[in-house]
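Asker: What follows is the file entry-v8.txt, containing compact mmCIF, C-alpha atoms:
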# COMPACT_ATOMS: atom_id res chain seq x y z
CA MET D 122 16.61 -11.83 22.54
CA VAL D 123 12.88 -11.16 22.41
CA VAL D 124 11.72 -8.86 19.62
CA LYS D 125 10.79 -5.43 20.97
CA ILE D 126 7.78 -3.59 19.60
CA TYR D 127 7.92 0.16 20.25
CA GLY D 128 4.44 1.67 20.26
CA HIS D 129 1.19 2.45 22.00
CA ALA D 130 -0.66 -0.72 23.02
CA ILE D 131 -4.00 0.09 21.40
CA ALA D 132 -2.66 1.73 18.23
CA PRO D 133 -4.15 -0.33 15.37
CA THR D 134 -0.78 -0.86 13.69
CA VAL D 135 0.75 -2.03 16.98
CA ARG D 136 -2.12 -4.47 17.51
CA LEU D 137 -1.53 -5.77 13.98
CA VAL D 138 2.14 -6.58 14.63
CA ALA D 139 1.33 -8.13 18.03
CA GLY D 140 -1.43 -10.22 16.43
CA VAL D 141 0.97 -11.62 13.83
CA CYS D 142 3.45 -12.40 16.63
CA LYS D 143 0.67 -14.41 18.31
CA GLU D 144 -0.17 -16.21 15.04
CA LYS D 145 3.49 -17.16 14.59
CA GLU D 146 4.08 -17.91 18.32
CA ILE D 147 6.79 -15.25 18.50
CA PRO D 148 7.38 -13.87 22.00
CA TYR D 149 7.57 -10.09 22.06
CA GLU D 150 8.06 -7.22 24.49
CA LEU D 151 5.95 -4.09 24.07
CA VAL D 152 7.92 -0.95 24.87
CA PRO D 153 5.25 1.69 25.52
CA ILE D 154 5.49 4.98 23.64
CA ALA D 155 3.41 7.81 25.09
CA VAL D 156 1.78 8.97 21.86
CA TYR D 157 -0.71 11.19 23.72
CA LYS D 158 2.30 13.13 25.00
CA GLY D 159 3.89 13.25 21.55
CA GLU D 160 6.72 10.91 22.39
CA HIS D 161 6.60 9.53 18.84
CA LYS D 162 7.47 12.99 17.50
CA THR D 163 10.62 13.39 19.61
CA PRO D 164 14.11 13.22 18.06
CA ALA D 165 14.88 10.16 20.20
CA PHE D 166 11.99 8.27 18.57
CA LYS D 167 12.51 9.66 15.07
CA GLN D 168 16.07 8.41 15.15
CA PHE D 169 14.51 4.98 14.61
CA GLN D 170 11.23 5.87 12.86
CA PRO D 171 11.84 9.09 10.94
CA PHE D 172 8.15 9.62 10.03
CA GLY D 173 7.25 9.76 13.73
CA GLN D 174 4.75 6.88 13.51
CA VAL D 175 4.25 3.75 15.60
CA PRO D 176 5.33 0.99 15.63
CA TYR D 177 8.91 0.10 14.93
CA ILE D 178 10.66 -3.07 16.03
CA ASP D 179 14.13 -3.87 17.28
CA ASP D 180 14.90 -7.51 16.46
CA ASP D 181 18.26 -8.13 18.05
CA GLY D 182 19.54 -4.82 16.71
CA PHE D 183 17.72 -4.94 13.35
CA ILE D 184 15.38 -1.93 13.23
CA LEU D 185 12.29 -2.05 11.01
CA TYR D 186 9.17 0.10 10.66
CA GLU D 187 5.91 0.13 8.64
CA SER D 188 3.61 -2.42 10.27
CA ARG D 189 2.93 -4.47 7.12
CA ALA D 190 6.69 -4.71 6.40
CA ILE D 191 7.24 -5.85 9.99
CA CYS D 192 4.51 -8.51 9.65
CA ARG D 193 6.00 -9.80 6.39
CA TYR D 194 9.49 -9.95 7.93
CA LEU D 195 8.34 -11.86 11.03
CA ALA D 196 6.16 -14.23 8.98
CA LYS D 197 9.14 -15.06 6.75
CA LYS D 198 11.72 -15.29 9.53
CA TYR D 199 9.47 -17.69 11.47
CA GLU D 200 7.80 -19.38 8.54
CA GLU D 201 8.24 -22.87 10.00
CA GLN D 202 6.26 -22.19 13.21
CA GLY D 203 2.76 -21.13 14.21
CA THR D 204 0.18 -20.49 11.49
CA LEU D 205 1.76 -21.57 8.21
CA ASN D 206 1.62 -20.10 4.70
CA LEU D 207 0.76 -16.57 5.78
CA VAL D 208 2.90 -15.49 2.78
CA PRO D 209 2.58 -18.07 -0.04
CA LYS D 210 5.74 -19.05 -1.89
CA ASP D 211 4.49 -20.56 -5.16
CA ALA D 212 4.56 -18.00 -7.98
CA LYS D 213 0.81 -17.70 -8.60
CA GLY D 214 -0.20 -18.09 -4.95
CA GLU D 215 2.21 -15.32 -4.06
CA ALA D 216 0.93 -13.08 -6.89
CA LEU D 217 -2.66 -13.50 -5.72
CA PHE D 218 -1.49 -12.78 -2.16
CA GLU D 219 0.14 -9.54 -3.36
CA GLN D 220 -3.07 -8.66 -5.20
CA ALA D 221 -5.00 -9.13 -1.95
CA VAL D 222 -2.47 -7.10 0.06
CA SER D 223 -2.80 -4.28 -2.46
CA ILE D 224 -6.61 -4.53 -2.33
CA GLU D 225 -6.43 -3.86 1.42
CA ALA D 226 -4.01 -0.97 0.96
CA SER D 227 -5.96 0.85 -1.76
CA ASN D 228 -9.59 -0.25 -1.34
CA PHE D 229 -10.00 -0.72 2.43
CA HIS D 230 -7.37 1.08 4.47
CA PRO D 231 -7.93 4.66 3.24
CA PHE D 232 -11.62 4.55 4.22
CA VAL D 233 -11.44 2.73 7.55
CA SER D 234 -8.45 4.76 8.70
CA GLY D 235 -10.21 7.90 7.50
CA LEU D 236 -13.22 6.99 9.65
CA ALA D 237 -10.94 6.35 12.63
CA PHE D 238 -9.37 9.78 12.08
CA GLU D 239 -12.70 11.63 11.83
CA LYS D 240 -14.47 9.91 14.68
CA ILE D 241 -11.70 9.10 17.16
CA ILE D 242 -8.41 10.94 16.54
CA LYS D 243 -10.05 14.32 15.94
CA LYS D 244 -11.98 14.04 19.20
CA HIS D 245 -8.72 13.32 21.06
CA GLN D 246 -7.27 16.44 19.48
CA GLY D 247 -10.28 18.54 20.44
CA MET D 248 -11.55 18.90 16.85
CA GLU D 249 -15.02 18.38 15.40
CA THR D 250 -15.92 15.34 13.30
CA ASP D 251 -16.69 16.37 9.71
CA GLU D 252 -19.94 14.47 9.09
CA THR D 253 -19.84 15.18 5.34
CA LYS D 254 -16.45 13.50 5.11
CA VAL D 255 -17.74 10.59 7.22
CA LYS D 256 -20.58 10.06 4.75
CA VAL D 257 -18.19 10.08 1.78
CA LEU D 258 -15.89 7.61 3.55
CA LEU D 259 -18.78 5.28 4.38
CA ASP D 260 -20.15 5.46 0.84
CA ASN D 261 -16.74 4.55 -0.53
CA LEU D 262 -16.24 1.76 2.01
CA ASN D 263 -19.64 0.30 1.16
CA ALA D 264 -18.88 0.39 -2.57
CA LYS D 265 -15.57 -1.41 -2.05
CA LEU D 266 -17.09 -4.03 0.26
CA SER D 267 -19.63 -4.82 -2.44
CA ALA D 268 -16.65 -5.86 -4.57
CA TYR D 269 -15.30 -7.88 -1.61
CA GLU D 270 -18.71 -9.60 -1.44
CA VAL D 271 -18.26 -10.85 -5.02
CA ILE D 272 -14.67 -12.02 -4.43
CA LEU D 273 -15.51 -13.76 -1.14
CA GLY D 274 -18.43 -15.54 -2.77
CA LYS D 275 -15.93 -17.43 -4.92
CA GLN D 276 -13.22 -18.20 -2.35
CA PRO D 277 -12.99 -18.25 1.46
CA TYR D 278 -10.15 -15.73 1.88
CA LEU D 279 -8.99 -12.68 0.01
CA ALA D 280 -5.99 -14.41 -1.62
CA GLY D 281 -7.73 -17.77 -2.20
CA GLU D 282 -8.25 -20.96 -0.22
CA TYR D 283 -6.09 -20.17 2.80
CA ILE D 284 -5.75 -17.34 5.26
CA THR D 285 -2.80 -15.07 4.58
CA LEU D 286 -1.38 -11.82 5.94
CA ALA D 287 -3.64 -10.05 3.43
CA ASP D 288 -6.70 -11.04 5.50
CA LEU D 289 -5.00 -10.25 8.83
CA PHE D 290 -4.05 -6.74 7.60
CA HIS D 291 -7.78 -5.89 7.71
CA LEU D 292 -8.17 -6.70 11.40
CA PRO D 293 -7.06 -3.58 13.27
CA TYR D 294 -8.87 -0.84 11.34
CA GLY D 295 -11.67 -3.22 10.44
CA THR D 296 -12.23 -3.77 14.17
CA VAL D 297 -12.18 -0.02 14.77
CA ALA D 298 -14.72 0.65 12.01
CA ILE D 299 -17.05 -2.34 12.48
CA GLU D 300 -16.89 -3.04 16.21
CA GLU D 301 -15.68 0.15 17.88
CA LEU D 302 -17.48 2.67 15.64
CA GLY D 303 -20.39 0.36 14.80
CA CYS D 304 -20.30 0.99 11.03
CA ASP D 305 -23.01 -1.24 9.64
CA VAL D 306 -21.24 -2.57 6.55
CA LEU D 307 -21.78 -6.29 7.01
CA GLN D 308 -25.54 -6.23 6.59
CA ASP D 309 -26.67 -7.61 3.21
CA ARG D 310 -23.11 -8.87 2.64
CA PRO D 311 -23.20 -12.49 3.86
CA ASN D 312 -19.83 -13.43 2.33
CA VAL D 313 -18.00 -10.48 3.85
CA ALA D 314 -19.77 -11.14 7.17
CA ARG D 315 -18.69 -14.78 7.13
CA TRP D 316 -15.10 -13.86 6.32
CA TRP D 317 -15.02 -11.08 8.92
CA LYS D 318 -16.39 -13.36 11.62
CA GLU D 319 -13.76 -16.00 10.84
CA ILE D 320 -10.74 -13.74 10.81
CA SER D 321 -11.80 -11.62 13.77
CA SER D 322 -12.53 -14.59 16.01
CA ARG D 323 -9.07 -16.10 15.60
CA PRO D 324 -7.46 -16.62 19.04
CA ALA D 325 -4.33 -14.68 18.01
CA TRP D 326 -6.41 -11.56 17.28
CA GLN D 327 -8.62 -12.00 20.34
CA ALA D 328 -5.46 -12.04 22.47
CA VAL D 329 -4.38 -8.56 21.32
CA LYS D 330 -7.50 -6.78 20.09
CA ASN D 331 -7.91 -4.77 23.28
CA GLY D 332 -4.21 -3.95 23.47
CA ALA D 333 -0.93 -5.48 22.38
CA MET R 39 0.21 -14.83 -26.97
CA PRO R 40 2.52 -12.62 -24.88
CA LEU R 41 1.54 -10.78 -21.72
CA THR R 42 -1.45 -8.48 -22.29
CA ILE R 43 -1.89 -5.28 -20.29
CA TYR R 44 -5.40 -3.85 -20.14
CA GLY R 45 -4.99 -0.20 -19.19
CA SER R 46 -5.15 3.46 -19.93
CA PRO R 47 -2.47 6.01 -20.85
CA PHE R 48 -4.08 8.36 -18.30
CA SER R 49 -3.54 5.89 -15.48
CA THR R 50 -0.45 6.20 -13.29
CA CYS R 51 -0.91 2.58 -12.24
CA THR R 52 -0.84 1.46 -15.87
CA ARG R 53 2.43 3.34 -16.35
CA LEU R 54 4.01 1.49 -13.43
CA VAL R 55 3.26 -1.86 -15.07
CA VAL R 56 4.62 -0.70 -18.44
CA LEU R 57 7.75 0.59 -16.64
CA ILE R 58 8.41 -2.82 -15.11
CA CYS R 59 7.98 -4.47 -18.52
CA LYS R 60 10.59 -2.06 -19.91
CA GLU R 61 12.97 -2.57 -16.95
CA LYS R 62 12.68 -6.35 -17.25
CA GLN R 63 12.57 -6.44 -21.09
CA ILE R 64 9.19 -8.20 -21.15
CA PRO R 65 7.30 -7.96 -24.45
CA PHE R 66 3.61 -7.17 -24.09
CA ASN R 67 0.42 -6.33 -25.94
CA PHE R 68 -1.50 -3.27 -24.80
CA VAL R 69 -5.29 -3.21 -24.91
CA LEU R 70 -6.77 0.24 -24.38
CA VAL R 71 -9.52 0.55 -21.76
CA ASP R 72 -11.18 3.88 -22.44
CA ILE R 73 -11.70 5.26 -18.96
CA THR R 74 -12.91 8.57 -20.39
CA LYS R 75 -15.94 6.63 -21.60
CA GLY R 76 -16.25 4.58 -18.41
CA GLU R 77 -15.27 1.33 -20.10
CA GLN R 78 -13.84 0.09 -16.79
CA LYS R 79 -17.35 0.10 -15.33
CA ALA R 80 -18.82 -2.23 -17.97
CA PRO R 81 -19.92 -5.63 -16.61
CA GLU R 82 -17.40 -7.54 -18.77
CA TYR R 83 -14.60 -5.43 -17.30
CA VAL R 84 -15.82 -5.60 -13.69
CA ASP R 85 -15.91 -9.38 -14.08
CA LYS R 86 -12.11 -9.23 -14.47
CA GLN R 87 -11.39 -6.34 -12.08
CA PRO R 88 -14.13 -6.15 -9.45
CA PHE R 89 -13.06 -2.68 -8.23
CA ASN R 90 -13.42 -1.28 -11.78
CA LYS R 91 -9.90 0.08 -11.88
CA VAL R 92 -7.11 -0.11 -14.44
CA PRO R 93 -4.85 -1.95 -15.14
CA TYR R 94 -5.09 -5.70 -15.09
CA ILE R 95 -2.98 -8.23 -16.92
CA VAL R 96 -3.49 -11.60 -18.56
CA ASP R 97 -0.23 -13.50 -18.74
CA ASP R 98 0.78 -15.80 -21.59
CA ASP R 99 -0.76 -18.81 -19.82
CA GLY R 100 -4.08 -17.09 -19.12
CA PHE R 101 -3.21 -16.10 -15.51
CA ALA R 102 -5.04 -12.89 -14.67
CA LEU R 103 -3.91 -10.36 -12.04
CA TYR R 104 -4.81 -6.82 -10.97
CA GLU R 105 -3.42 -4.14 -8.60
CA SER R 106 -0.38 -2.56 -10.28
CA ARG R 107 2.06 -3.14 -7.38
CA ALA R 108 1.07 -6.85 -7.30
CA ILE R 109 1.54 -7.09 -11.07
CA ALA R 110 4.95 -5.39 -10.76
CA ARG R 111 6.06 -7.85 -8.08
CA TYR R 112 4.79 -10.86 -10.06
CA LEU R 113 6.64 -9.83 -13.23
CA ILE R 114 9.85 -8.96 -11.37
CA LYS R 115 9.88 -12.38 -9.72
CA LYS R 116 8.90 -14.29 -12.86
CA TYR R 117 11.62 -12.59 -14.93
CA ALA R 118 14.22 -12.40 -12.15
CA ASN R 119 17.00 -13.43 -14.52
CA GLN R 120 16.56 -10.80 -17.21
CA GLY R 121 16.63 -7.03 -17.42
CA THR R 122 17.35 -4.89 -14.33
CA PRO R 123 18.36 -7.29 -11.55
CA ASP R 124 17.50 -7.33 -7.83
CA LEU R 125 14.49 -5.07 -7.92
CA ILE R 126 13.20 -7.17 -5.01
CA PRO R 127 16.01 -8.47 -2.75
CA SER R 128 15.87 -12.04 -1.45
CA ASP R 129 18.09 -11.80 1.64
CA LEU R 130 15.81 -11.65 4.74
CA GLN R 131 16.87 -8.26 6.10
CA ALA R 132 17.38 -6.60 2.69
CA GLU R 133 13.93 -7.82 1.66
CA ALA R 134 12.44 -6.44 4.89
CA LEU R 135 13.97 -3.03 4.19
CA PHE R 136 12.56 -3.22 0.65
CA GLU R 137 9.11 -3.94 2.14
CA GLN R 138 9.59 -0.98 4.46
CA GLY R 139 10.39 1.21 1.43
CA ALA R 140 7.45 -0.13 -0.57
CA SER R 141 5.14 0.55 2.37
CA ILE R 142 6.55 4.07 2.75
CA GLU R 143 5.54 4.70 -0.87
CA SER R 144 2.06 3.22 -0.47
CA PHE R 145 1.11 4.86 2.79
CA ASN R 146 3.24 8.03 3.09
CA PHE R 147 3.75 9.19 -0.51
CA ASN R 148 0.89 7.88 -2.60
CA PRO R 149 -2.06 9.21 -0.57
CA PRO R 150 -1.02 12.90 -0.64
CA ALA R 151 0.51 12.67 -4.15
CA SER R 152 -2.61 11.10 -5.64
CA GLY R 153 -4.78 13.45 -3.58
CA ILE R 154 -3.04 16.41 -5.22
CA ALA R 155 -3.50 14.84 -8.66
CA LEU R 156 -7.19 14.32 -7.88
CA GLU R 157 -7.71 18.00 -7.04
CA LYS R 158 -5.51 19.49 -9.77
CA ILE R 159 -6.08 17.14 -12.71
CA VAL R 160 -8.91 14.64 -12.29
CA LYS R 161 -11.56 16.95 -10.87
CA PRO R 162 -11.13 19.62 -13.56
CA LEU R 163 -11.33 16.90 -16.23
CA LEU R 164 -14.62 15.76 -14.72
CA ALA R 165 -15.83 19.37 -14.54
CA LEU R 166 -15.77 19.20 -10.72
CA ARG R 167 -14.58 21.97 -8.47
CA THR R 168 -11.13 21.68 -6.90
CA ASP R 169 -11.42 21.62 -3.11
CA GLU R 170 -8.74 24.19 -2.24
CA LYS R 171 -8.68 23.27 1.45
CA THR R 172 -8.09 19.61 0.70
CA LEU R 173 -5.42 20.51 -1.85
CA GLU R 174 -3.66 22.70 0.71
CA ARG R 175 -3.84 19.96 3.34
CA ARG R 176 -2.40 17.41 0.92
CA LEU R 177 0.44 19.75 -0.05
CA VAL R 178 1.33 20.32 3.61
CA GLU R 179 1.24 16.57 4.18
CA LEU R 180 3.44 15.79 1.17
CA ASN R 181 5.93 18.48 2.17
CA GLU R 182 6.22 16.93 5.64
CA LYS R 183 6.75 13.46 4.19
CA LEU R 184 9.37 14.63 1.70
CA ASP R 185 11.28 16.33 4.53
CA VAL R 186 11.65 12.83 5.97
CA TYR R 187 12.62 11.41 2.57
CA ASP R 188 15.41 14.02 2.46
CA VAL R 189 16.73 12.73 5.80
CA ILE R 190 16.57 9.08 4.69
CA LEU R 191 18.14 9.80 1.30
CA GLY R 192 20.91 11.76 2.96
CA LYS R 193 22.07 8.54 4.62
CA GLN R 194 21.58 6.07 1.75
CA LYS R 195 21.23 6.22 -2.01
CA TYR R 196 17.79 4.71 -2.36
CA LEU R 197 14.70 4.20 -0.26
CA ALA R 198 15.54 0.61 0.78
CA GLY R 199 19.32 1.03 1.09
CA ASN R 200 22.14 1.54 -1.35
CA LYS R 201 20.59 -0.39 -4.21
CA LEU R 202 17.66 0.57 -6.42
CA THR R 203 14.52 -1.49 -5.80
CA LEU R 204 10.89 -1.53 -6.89
CA ALA R 205 10.19 0.71 -3.87
CA ASP R 206 11.94 3.61 -5.68
CA LEU R 207 10.35 2.86 -9.07
CA GLN R 208 6.87 2.95 -7.51
CA HIS R 209 7.28 6.71 -7.11
CA LEU R 210 7.80 7.47 -10.80
CA PRO R 211 4.24 7.74 -12.12
CA HIS R 212 2.78 10.04 -9.45
CA GLY R 213 6.06 11.83 -8.94
CA THR R 214 6.14 12.78 -12.62
CA LEU R 215 2.55 13.97 -12.43
CA LEU R 216 3.52 16.36 -9.62
CA PHE R 217 5.90 18.10 -12.03
CA THR R 218 3.14 18.32 -14.64
CA ASN R 219 1.01 19.96 -11.92
CA GLY R 220 3.58 22.61 -11.17
CA CYS R 221 4.55 20.99 -7.87
CA GLY R 222 8.03 19.86 -8.96
CA ASP R 223 9.68 22.13 -6.40
CA LEU R 224 8.59 19.60 -3.76
CA PHE R 225 11.43 17.47 -5.12
CA THR R 226 13.87 20.02 -6.49
CA SER R 227 14.01 22.09 -3.30
CA ARG R 228 15.32 19.14 -1.26
CA PRO R 229 18.90 18.24 -2.25
CA ASN R 230 18.86 14.52 -1.47
CA VAL R 231 15.37 14.00 -2.86
CA ALA R 232 16.40 15.94 -6.00
CA ARG R 233 19.45 13.72 -6.50
CA TRP R 234 17.38 10.56 -6.09
CA TRP R 235 14.59 11.87 -8.32
CA ASN R 236 16.93 12.93 -11.14
CA GLU R 237 18.41 9.45 -11.17
CA LEU R 238 15.00 7.81 -11.37
CA ILE R 239 13.63 9.94 -14.21
CA SER R 240 16.77 9.51 -16.29
CA ARG R 241 16.44 5.75 -16.33
CA PRO R 242 16.09 4.60 -19.95
CA ALA R 243 13.13 2.40 -19.06
CA TRP R 244 11.18 5.42 -17.75
CA GLN R 245 12.09 7.41 -20.85
CA GLU R 246 10.69 4.51 -22.90
CA VAL R 247 7.42 4.61 -20.95
CA THR R 248 7.04 8.32 -21.70
CA THR R 249 7.74 7.71 -25.39
CA TYR R 250 5.39 4.74 -25.48
CA PHE R 251 2.44 6.87 -24.38
CA ASN R 252 3.52 10.04 -26.22
CA PRO R 253 5.00 8.81 -29.47
CA VAL R 254 6.83 11.40 -31.51
CA ALA R 255 5.76 11.28 -35.13
Could you take the file, read its structure, and then write that structure out as C-alpha cells?

Answerer:
Amino acid sequence: MVVKIYGHAIAPTVRLVAGVCKEKEIPYELVPIAVYKGEHKTPAFKQFQPFGQVPYIDDDGFILYESRAICRYLAKKYEEQGTLNLVPKDAKGEALFEQAVSIEASNFHPFVSGLAFEKIIKKHQGMETDETKVKVLLDNLNAKLSAYEVILGKQPYLAGEYITLADLFHLPYGTVAIEELGCDVLQDRPNVARWWKEISSRPAWQAVKNGA
Amino acid sequence: MPLTIYGSPFSTCTRLVVLICKEKQIPFNFVLVDITKGEQKAPEYVDKQPFNKVPYIVDDDGFALYESRAIARYLIKKYANQGTPDLIPSDLQAEALFEQGASIESFNFNPPASGIALEKIVKPLLALRTDEKTLERRLVELNEKLDVYDVILGKQKYLAGNKLTLADLQHLPHGTLLFTNGCGDLFTSRPNVARWWNELISRPAWQEVTTYFNPVA
C-alpha cells in the first residue's frame, strides 16, 4: 500500500514530506485537503491531526503527523534505498545531526515561517503585512545566517560532511523566503549561498518544489 | 574529566540538560556563563556556540555539542543502560510517535510558551516594555494548543503514548516558568493536562534540578 500524504500540495510542510519521499524513492499518494476552505479544521480531519495542521500520513494504517517526524520515520523505514545516511547512526554523527536539526528549528524556522505568515498568509486572509515585524524577522534571519556562514565555511553541510535531513528541513520555508519572497540573505554569504544552491538544486526537491 | 555543562541558571535550555543528567544519573561539572553580563557574546564563547546561546557541553572525551534538545538526545542514547530507561524508544513506530511528540513540543508549545516568558520576564529584566498585544496573542495561541493537549492526554498517558519519553520532559523548563509567571491555570484548568503536568513536576529528577539551582542553606 502506497503511503498517503494528506495535505495541500503547495503547503511547505507537505512539500517537505514529498521531497523526502523523492529522495528515498518512496511512492506516495497526495490526498488533497482544501485548506483554503478550512478542511483542516474540520472534526473529520482533526480526528487524525488534532492540531488542525497539514500534513499527516497514513502508512498502511499507521497515522503520523508533524512533518519532521514523518520525514525521520520514512528515512528510517527506508534507510536502505534512495539517498543514504539522511539520519546518521554513529553516536557522534547522530549527535551532530540532532544539533543541526535543532539549529533549523530554533534559528531558522521561526524567522522564515514568520516572513511567510506576514507576507503571504496574511494577504490570503485579507490582513495587512506588518512591515515593522518583517524588518525584525529579516534582521534576526540575517544574524542567524551569519552564524551559518561560519559553520558552512568549515564543513559542506549543516551536520558535517554529508547531506542529512537537517539540510533538507530548510528547503520549503527557505524556498519561500529566498525564492518566492526574494529575501536577499545570500549576498555577502558565499558559504551559505553555496550550500543553498546545492541543496535546492537536488532533483528530489526540484520535483516537488512547485507542488507535492 | 566528567561531562562539563556550560550554562546559566536563568536558562530554561540549561535546565533541560541538567534534568537529563539527573534522570540518567550522569555526573557533571557546571561552568557558569554569566548571560547577565553578556558572556555568551564574547568571541571565545561564540567560537564554541556560534549562535551565542547557552548551554553547550564538552563530554569527557572532548566532544562538544550545543542545542539543548540535541544534547539531551545524545546523553540519553549514550547512557541508555542507566537511570530512567526508554526515554527515546527504538521500535520504528514507537520512535516515530516519540518524534511526533518531540516536534509537538518544539513547534506547538515552545514558541508561545517562550514568547510569554519573553514578554513577562525577559523584557522587564532588560528594562524593555512588554508588548501587551503580543503577550495576548501568545496566550490565546497557547490556550488553543493546550486544548489539543487535553484531547491527546485524555486518550493516552503521555505525549508519545503510554510511556514517558523525552518529549514530555522537554516541557518542564518552560512549563514551570509559566507557573512562575502566574499562568499556571493554563495547565490546572485542563484535567488531563493537569494530571500529566503533576506527574512531571513530581519526578525526583526535576526536584533535584530545582534544588541544584536554588540550594537551601

Asker: Could I get the residues of chain D with an atom no further than 6 Å from an atom of chain R, each paired with its nearest atom pair and that distance in Å to one decimal, using only C-alpha atoms, sorted by chain and residue number, as a tab-separated table?

Answerer:
residue	atom	partner	partner_atom	distance
D:Glu187	CA	R:Gln138	CA	5.7
D:Ala190	CA	R:Glu137	CA	5.0
D:Tyr194	CA	R:Ala134	CA	5.5
D:Ala216	CA	R:Tyr112	CA	5.5
D:Glu219	CA	R:Ala108	CA	4.9
D:Gln220	CA	R:Ala108	CA	5.0
D:Ala268	CA	R:Pro88	CA	5.5

Asker: Please write the residues from the selection above to a file, keeping C-alpha atoms, as a PDB file, in the frame of the given file.

Answerer:
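Below is the file selection_26.pdb, written as the result:
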ATOM      1  CA  GLU D 187       5.910   0.130   8.640  1.00  0.00           C
ATOM      2  CA  ALA D 190       6.690  -4.710   6.400  1.00  0.00           C
ATOM      3  CA  TYR D 194       9.490  -9.950   7.930  1.00  0.00           C
ATOM      4  CA  ALA D 216       0.930 -13.080  -6.890  1.00  0.00           C
ATOM      5  CA  GLU D 219       0.140  -9.540  -3.360  1.00  0.00           C
ATOM      6  CA  GLN D 220      -3.070  -8.660  -5.200  1.00  0.00           C
ATOM      7  CA  ALA D 268     -16.650  -5.860  -4.570  1.00  0.00           C
TER       8      ALA D 268
END

Asker: To one decimal place in Å, what is the distance between CA of Ile241 (chain D) and CA of Pro311 (chain D)?

Answerer: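 CA of Pro311 (chain D) lies at a distance of 27.8 Å from CA of Ile241 (chain D).
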
Asker: Between CA of Thr214 (chain R) and CA of Arg176 (chain R), what is the spacing in Å?

Answerer: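 Computing it gives 16.7 Å between the two atoms.
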
Asker: Considering all atoms listed in the file, state which residue in the set D:Ile299, D:Leu205, D:Ile126, D:Val222 is at the smallest distance from Phe169 (chain D).

Answerer: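 The shortest atom-to-atom distance to Phe169 (chain D) comes from D:Ile126.
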
Asker: Need the shell around Lys62 (chain R): protein/DNA/RNA residues with any atom at most 6 Å away, counting all atoms listed in the file. Skip same-chain ones fewer than 6 positions apart. Format as a PyMOL selection string?

Answerer: chain R and resi 120-122

Asker: Please provide as a PDB file with C-alpha atoms, keeping the file's coordinate frame all residues within 10 Å of Ile73 (chain R), with the sequence filter that same-chain residues fewer than 4 positions apart are discarded (counting only C-alpha atoms).

Answerer:
ATOM      1  CA  GLY R  45      -4.990  -0.200 -19.190  1.00  0.00           C
ATOM      2  CA  SER R  46      -5.150   3.460 -19.930  1.00  0.00           C
ATOM      3  CA  PRO R  47      -2.470   6.010 -20.850  1.00  0.00           C
ATOM      4  CA  PHE R  48      -4.080   8.360 -18.300  1.00  0.00           C
ATOM      5  CA  SER R  49      -3.540   5.890 -15.480  1.00  0.00           C
ATOM      6  CA  GLU R  77     -15.270   1.330 -20.100  1.00  0.00           C
ATOM      7  CA  GLN R  78     -13.840   0.090 -16.790  1.00  0.00           C
ATOM      8  CA  LYS R  79     -17.350   0.100 -15.330  1.00  0.00           C
ATOM      9  CA  ASN R  90     -13.420  -1.280 -11.780  1.00  0.00           C
ATOM     10  CA  LYS R  91      -9.900   0.080 -11.880  1.00  0.00           C
ATOM     11  CA  VAL R  92      -7.110  -0.110 -14.440  1.00  0.00           C
TER      12      VAL R  92
END

Asker: Neighbours of Ile242 (chain D) within 12 Å (all atoms listed in the file; same-chain residues fewer than 6 positions away dropped), as a list in words?

Answerer: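 Result of the neighbour search: Ala132, Val156, Tyr157, Ser234, Gly235, Leu236, Met248, Glu249, Thr250 and Val297 of chain D.
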
Asker: Just the number, please: distance in Å from CA of Ile95 (chain R) to CA of Leu70 (chain R), one decimal.

Answerer: 11.9 Å

Asker: What's the 12 Å shell around Leu258 (chain D), counting all atoms listed in the file, without same-chain residues fewer than 3 positions away, as number ranges by chain?

Answerer: D: 228-240, 251-255, 261-265, 298, 304, 306

Asker: Just the selected residues (C-alpha atoms), exported as a compact mmCIF listing (two decimals), in the frame of the given file, please.

Answerer:
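Saved result, part-v2.txt, follows:
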# COMPACT_ATOMS: atom_id res chain seq x y z
CA ASN D 228 -9.59 -0.25 -1.34
CA PHE D 229 -10.00 -0.72 2.43
CA HIS D 230 -7.37 1.08 4.47
CA PRO D 231 -7.93 4.66 3.24
CA PHE D 232 -11.62 4.55 4.22
CA VAL D 233 -11.44 2.73 7.55
CA SER D 234 -8.45 4.76 8.70
CA GLY D 235 -10.21 7.90 7.50
CA LEU D 236 -13.22 6.99 9.65
CA ALA D 237 -10.94 6.35 12.63
CA PHE D 238 -9.37 9.78 12.08
CA GLU D 239 -12.70 11.63 11.83
CA LYS D 240 -14.47 9.91 14.68
CA ASP D 251 -16.69 16.37 9.71
CA GLU D 252 -19.94 14.47 9.09
CA THR D 253 -19.84 15.18 5.34
CA LYS D 254 -16.45 13.50 5.11
CA VAL D 255 -17.74 10.59 7.22
CA ASN D 261 -16.74 4.55 -0.53
CA LEU D 262 -16.24 1.76 2.01
CA ASN D 263 -19.64 0.30 1.16
CA ALA D 264 -18.88 0.39 -2.57
CA LYS D 265 -15.57 -1.41 -2.05
CA ALA D 298 -14.72 0.65 12.01
CA CYS D 304 -20.30 0.99 11.03
CA VAL D 306 -21.24 -2.57 6.55

Asker: Can you work out which one of R:Gln63, R:Thr74, R:Ser128, R:Asn230 has the shortest atom-to-atom distance to Thr203 (chain R), counting only C-alpha atoms?

Answerer: R:Ser128
